[in-house]
Amino acid sequence: MKRMHKLLALLLSILTVVSLLAACADTTQPQTDSQDQAGDTSSTEETQQPADDTTEETSDSEPTRFTYMRGVWGPATFTPGGEYEQTLKELANVEVEVQIVPIGEYDAKVKTVAASGSLPDMMMAYGPTDAYWRDLENQGAFAPLDEYLEKYPALKSICDDSMWEMLRNPDDGHIYFMPNTCVAEMPFFIYYRQDWFEELGIEEPTTIAELEATLETIKEQMPDVTPMTVAAGSTAWLAKDLGTAFGATVSGWTPDENGNLIPDHMDEETIDFAFWLQDMKERGLLDEEADVNPDLTFGEQKFKTSRAAVICGVFNQFTGYYTSLMENDPDAKIGIIGPLTGPDGTQGGTRISFPMDRGYYFSTTAEDLDGIMAFLNWSLTDGNDFRKWGVEGKTYTVDENGVKHSIPDTEREADWVSAQIEPLTFVHVPEDNFSWDDYQANFDAIGCGDYLEYFKEKWEAYCEVKYYDYRNPTTISATNNEIGAMLTESYLSSYWYSGIITNPAITREEFDGAVQQWLDAGGQQIIDEFNAAQPDKSEPTYG
């Protein structure tokens with residue numbers, strides 16, 4: 001009861017500040033392509049070896065019912081009641097009332113929902129790495145998961161013990177958050193139209209200067225084509241590995257000359273990168289819609305329909321780009337620009353990510369929490385085959401060797417496309433995140449199996465030089481929890497990163513002044529508290 005009184009008090013206070021809290025998401029890293037959709041991965045082995053559950057009889061017991069809110073990276077065109085949803089209901093004896101929100105709008109939307117006091121039973125969130133969500137944990141908004149992690153081993157297998165301990169609430173010792181683990185080494189490739197480069201006699205760039213010259217040639221020779229665009233998400237984040245050529249660690253904290261950790265908006269190399277993006281946009285080399293168009297798929301659509309020559313995107317997006325391009329231009333070829341050397345000779349590589357991308361909280365008001373957990377456990381055990389693959393003939397086929405192959409969205413019935421599946425995806429296990437066997441099967445399925453070796457060479461080249469975020473994301477700054485969002489909104493949100501990129505009038509001097517105001521208003525205290533809370537400032541060991 002005491003915790004619920006705290007929650008009610010918090011919810012009343014949040015109503016007055018929710019617009020400020022939305023700024024917390026400005027420098028976080030969006031995933032740009034959902035990997036946990038049924039049919040999106042291919043493998044000759046299953047994560048676990050369940051029986052084919054698509055023939056199981058539906059239980060006669062009452063179904064587990066719960067409400068579910070999540071962001072989607074694909075188009076928000078989900079239609080309730082489709083065949084995939086009905087099949088899930090029959091197999092798992094579950095009824096899910098799902099509310100989806102485009103991922104670019106999700107953070108602001110979900111905080112408004114939390115402020116209303118009417119939380120869904122299960123909801124996507126950033127988790128305790130974000131002070132806002134840790135505060136809601138402390139106020140009793142979410143149910144502890146400890147007993148369910150012990151009761152359902154498949155759920156505990158989602159991540160190793162060290163990460164569970166990082167997620168444990170330091171105030172009461174409970175775990176409230178169920179993470180979606182991801183790949184720490186996750187290169188964001190610079191894809192390009194190799195056929196166009198060949199036609200124009202352009203060699204693959206190896207330096208930032210050569211990239212600029214290449215984009216200038218595209219602009220001059222192909223005026224109807226956008227020289228460089230970005231996939232779904234913020235420009236700076238989608239170009240995170242391009243930024244490493246400047247020495248930038250986008251959305252990360254790195255040691256200064258004294259060994260103290262500082263945020264990226266105080267790191268000179270990262271600031272250089274932000275203003276380089278501003279210059280690229282002003283020169284017409286970076287898509288004019290970047291960080292402006294609310295439809296985050298604008299860049300992908302341009303690249304897929306031969307209206308953009310270069311795109312910064314995630315490694316797992318190649319198959320989608322390739323299949324769409326083949327429909328529009330069967331002679332198209334996609335290349336991958338390797339890590340570039342920067343203006344001062346810095347060798348680029350990949351910005352290593354904390355191996356978790358969002359996850360799920362469960363409301364204390366959920367009426368059947370054990371039923372929800374039993375369902376999630378089912379999805380990783382008896383329902384694992386359906387979760388990963390869907391239904392044969394609808395989302396995948398099986399070849400003469402017994403190997404499953406995903407059916408491309410363009411060849412699926414409307415009720416079985418990714419937009420109907422992604423909203424009804426839930427937890428996954430680490431083995432789902434990445435497998436070269438999966439990629440080989442995917443590449444084989446779309447007719448470009450020989451491409452994998454080239455793809456792997458580029459992957460290894462990017463991963464040769466690593467740029468880390470040195471701050472432990474679960475460390476706490478009391479000042480940041482109290483006024484961090486307000487300081488960001490007041491002093492930085494108009495500049496970092498989107499403001500700089502989209503507004504050519506912003507100067508380096510003006511930005512430096514805004515950072516100094518942030519420091520004076522409490523930013524320096526935040527930095528000091530984070531450094532005090534993290535004595536070990538050595539290079540992270542994950543990835």
# chains A, B, ... in the order shown; residues from 1 in each chain; ligands from 1
>>> residues_around(residues="Gly335 (chain A)", least_positions_apart="4", cutoff="6 Å", atoms="only C-alpha atoms", output="list in words")
Tyr191, Tyr192 and Gln194 of chain A
>>> residues_around(residues="Gln534 (chain A)", least_positions_apart="4", cutoff="9 Å", atoms="only C-alpha atoms", output="PyMOL selection string")
chain A and resi 471-472+475-476+529-530
>>> residues_around(residues="Ala461 (chain A)", least_positions_apart="5", cutoff="8 Å", atoms="only C-alpha atoms", output="JSON, numbers by chain")
{"A": [338, 339, 349]}
>>> select_by_dssp(residues="region 295-349 of chain A", states="alpha helix (DSSP H)", output="PyMOL selection string")
chain A and resi 298-304+318-328
>>> write_last_selection(atoms="N, CA and C atoms", output="PDB file, in the first residue's frame")
ATOM      1  N   PHE A 298      11.792   7.437 -44.568  1.00  0.00           N
ATOM      2  CA  PHE A 298      11.975   8.181 -45.815  1.00  0.00           C
ATOM      3  C   PHE A 298      13.272   7.796 -46.525  1.00  0.00           C
ATOM      4  N   GLY A 299      14.368   7.649 -45.771  1.00  0.00           N
ATOM      5  CA  GLY A 299      15.652   7.336 -46.381  1.00  0.00           C
ATOM      6  C   GLY A 299      15.682   5.940 -46.972  1.00  0.00           C
ATOM      7  N   GLU A 300      15.123   4.979 -46.237  1.00  0.00           N
ATOM      8  CA  GLU A 300      15.088   3.615 -46.742  1.00  0.00           C
ATOM      9  C   GLU A 300      14.276   3.522 -48.033  1.00  0.00           C
ATOM     10  N   GLN A 301      13.148   4.235 -48.057  1.00  0.00           N
ATOM     11  CA  GLN A 301      12.321   4.203 -49.268  1.00  0.00           C
ATOM     12  C   GLN A 301      13.060   4.776 -50.458  1.00  0.00           C
ATOM     13  N   LYS A 302      13.841   5.821 -50.230  1.00  0.00           N
ATOM     14  CA  LYS A 302      14.612   6.411 -51.332  1.00  0.00           C
ATOM     15  C   LYS A 302      15.660   5.427 -51.853  1.00  0.00           C
ATOM     16  N   PHE A 303      16.368   4.783 -50.930  1.00  0.00           N
ATOM     17  CA  PHE A 303      17.414   3.859 -51.372  1.00  0.00           C
ATOM     18  C   PHE A 303      16.808   2.644 -52.072  1.00  0.00           C
ATOM     19  N   LYS A 304      15.699   2.154 -51.549  1.00  0.00           N
ATOM     20  CA  LYS A 304      15.069   0.972 -52.132  1.00  0.00           C
ATOM     21  C   LYS A 304      14.474   1.241 -53.512  1.00  0.00           C
ATOM     22  N   PHE A 318      20.525  -5.333 -45.022  1.00  0.00           N
ATOM     23  CA  PHE A 318      20.909  -5.589 -46.408  1.00  0.00           C
ATOM     24  C   PHE A 318      19.846  -6.357 -47.183  1.00  0.00           C
ATOM     25  N   THR A 319      19.300  -7.434 -46.590  1.00  0.00           N
ATOM     26  CA  THR A 319      18.368  -8.268 -47.340  1.00  0.00           C
ATOM     27  C   THR A 319      17.125  -7.482 -47.750  1.00  0.00           C
ATOM     28  N   GLY A 320      16.649  -6.596 -46.857  1.00  0.00           N
ATOM     29  CA  GLY A 320      15.493  -5.771 -47.212  1.00  0.00           C
ATOM     30  C   GLY A 320      15.807  -4.809 -48.337  1.00  0.00           C
ATOM     31  N   TYR A 321      16.983  -4.195 -48.287  1.00  0.00           N
ATOM     32  CA  TYR A 321      17.388  -3.288 -49.358  1.00  0.00           C
ATOM     33  C   TYR A 321      17.496  -4.046 -50.678  1.00  0.00           C
ATOM     34  N   TYR A 322      18.107  -5.215 -50.615  1.00  0.00           N
ATOM     35  CA  TYR A 322      18.372  -5.974 -51.837  1.00  0.00           C
ATOM     36  C   TYR A 322      17.080  -6.438 -52.507  1.00  0.00           C
ATOM     37  N   THR A 323      16.181  -7.034 -51.730  1.00  0.00           N
ATOM     38  CA  THR A 323      14.956  -7.554 -52.341  1.00  0.00           C
ATOM     39  C   THR A 323      14.101  -6.432 -52.929  1.00  0.00           C
ATOM     40  N   SER A 324      14.036  -5.297 -52.245  1.00  0.00           N
ATOM     41  CA  SER A 324      13.250  -4.177 -52.776  1.00  0.00           C
ATOM     42  C   SER A 324      13.889  -3.601 -54.033  1.00  0.00           C
ATOM     43  N   LEU A 325      15.220  -3.480 -54.027  1.00  0.00           N
ATOM     44  CA  LEU A 325      15.899  -2.945 -55.206  1.00  0.00           C
ATOM     45  C   LEU A 325      15.721  -3.853 -56.414  1.00  0.00           C
ATOM     46  N   MET A 326      15.748  -5.162 -56.192  1.00  0.00           N
ATOM     47  CA  MET A 326      15.603  -6.088 -57.308  1.00  0.00           C
ATOM     48  C   MET A 326      14.240  -5.936 -57.989  1.00  0.00           C
ATOM     49  N   GLU A 327      13.233  -5.570 -57.210  1.00  0.00           N
ATOM     50  CA  GLU A 327      11.916  -5.347 -57.798  1.00  0.00           C
ATOM     51  C   GLU A 327      11.910  -4.102 -58.677  1.00  0.00           C
ATOM     52  N   ASN A 328      12.630  -3.075 -58.229  1.00  0.00           N
ATOM     53  CA  ASN A 328      12.632  -1.804 -58.955  1.00  0.00           C
ATOM     54  C   ASN A 328      13.698  -1.741 -60.045  1.00  0.00           C
TER      55      ASN A 328
END
>>> closest_atom_pairs(of="region 337-405 of chain A", to="region 86-103 of chain A", cutoff="12 Å", atoms="only C-alpha atoms", output="JSON lines")
{"residue": "A:Arg358", "atom": "CA", "partner": "A:Ile103", "partner_atom": "CA", "distance": 11.5}
{"residue": "A:Asp368", "atom": "CA", "partner": "A:Val94", "partner_atom": "CA", "distance": 11.4}
{"residue": "A:Gly371", "atom": "CA", "partner": "A:Val94", "partner_atom": "CA", "distance": 8.9}
{"residue": "A:Ile372", "atom": "CA", "partner": "A:Val94", "partner_atom": "CA", "distance": 8.7}
{"residue": "A:Met373", "atom": "CA", "partner": "A:Val94", "partner_atom": "CA", "distance": 11.5}
{"residue": "A:Ala374", "atom": "CA", "partner": "A:Ala92", "partner_atom": "CA", "distance": 9.7}
{"residue": "A:Phe375", "atom": "CA", "partner": "A:Ala92", "partner_atom": "CA", "distance": 6.8}
{"residue": "A:Leu376", "atom": "CA", "partner": "A:Ala92", "partner_atom": "CA", "distance": 9.5}
{"residue": "A:Asn377", "atom": "CA", "partner": "A:Ala92", "partner_atom": "CA", "distance": 10.5}
{"residue": "A:Trp378", "atom": "CA", "partner": "A:Ala92", "partner_atom": "CA", "distance": 7.4}
{"residue": "A:Ser379", "atom": "CA", "partner": "A:Ala92", "partner_atom": "CA", "distance": 8.1}
{"residue": "A:Leu380", "atom": "CA", "partner": "A:Ala92", "partner_atom": "CA", "distance": 11.6}
{"residue": "A:Thr381", "atom": "CA", "partner": "A:Ala92", "partner_atom": "CA", "distance": 11.4}
{"residue": "A:Asp382", "atom": "CA", "partner": "A:Ala92", "partner_atom": "CA", "distance": 9.3}
{"residue": "A:Gly383", "atom": "CA", "partner": "A:Ala92", "partner_atom": "CA", "distance": 7.6}
{"residue": "A:Asn384", "atom": "CA", "partner": "A:Ala92", "partner_atom": "CA", "distance": 11.1}
{"residue": "A:Asp385", "atom": "CA", "partner": "A:Leu91", "partner_atom": "CA", "distance": 11.4}
{"residue": "A:Phe386", "atom": "CA", "partner": "A:Leu88", "partner_atom": "CA", "distance": 8.4}
{"residue": "A:Arg387", "atom": "CA", "partner": "A:Leu88", "partner_atom": "CA", "distance": 9.1}
{"residue": "A:Gly390", "atom": "CA", "partner": "A:Thr87", "partner_atom": "CA", "distance": 9.2}
{"residue": "A:Val391", "atom": "CA", "partner": "A:Thr87", "partner_atom": "CA", "distance": 8.9}
{"residue": "A:Lys394", "atom": "CA", "partner": "A:Thr87", "partner_atom": "CA", "distance": 11.5}
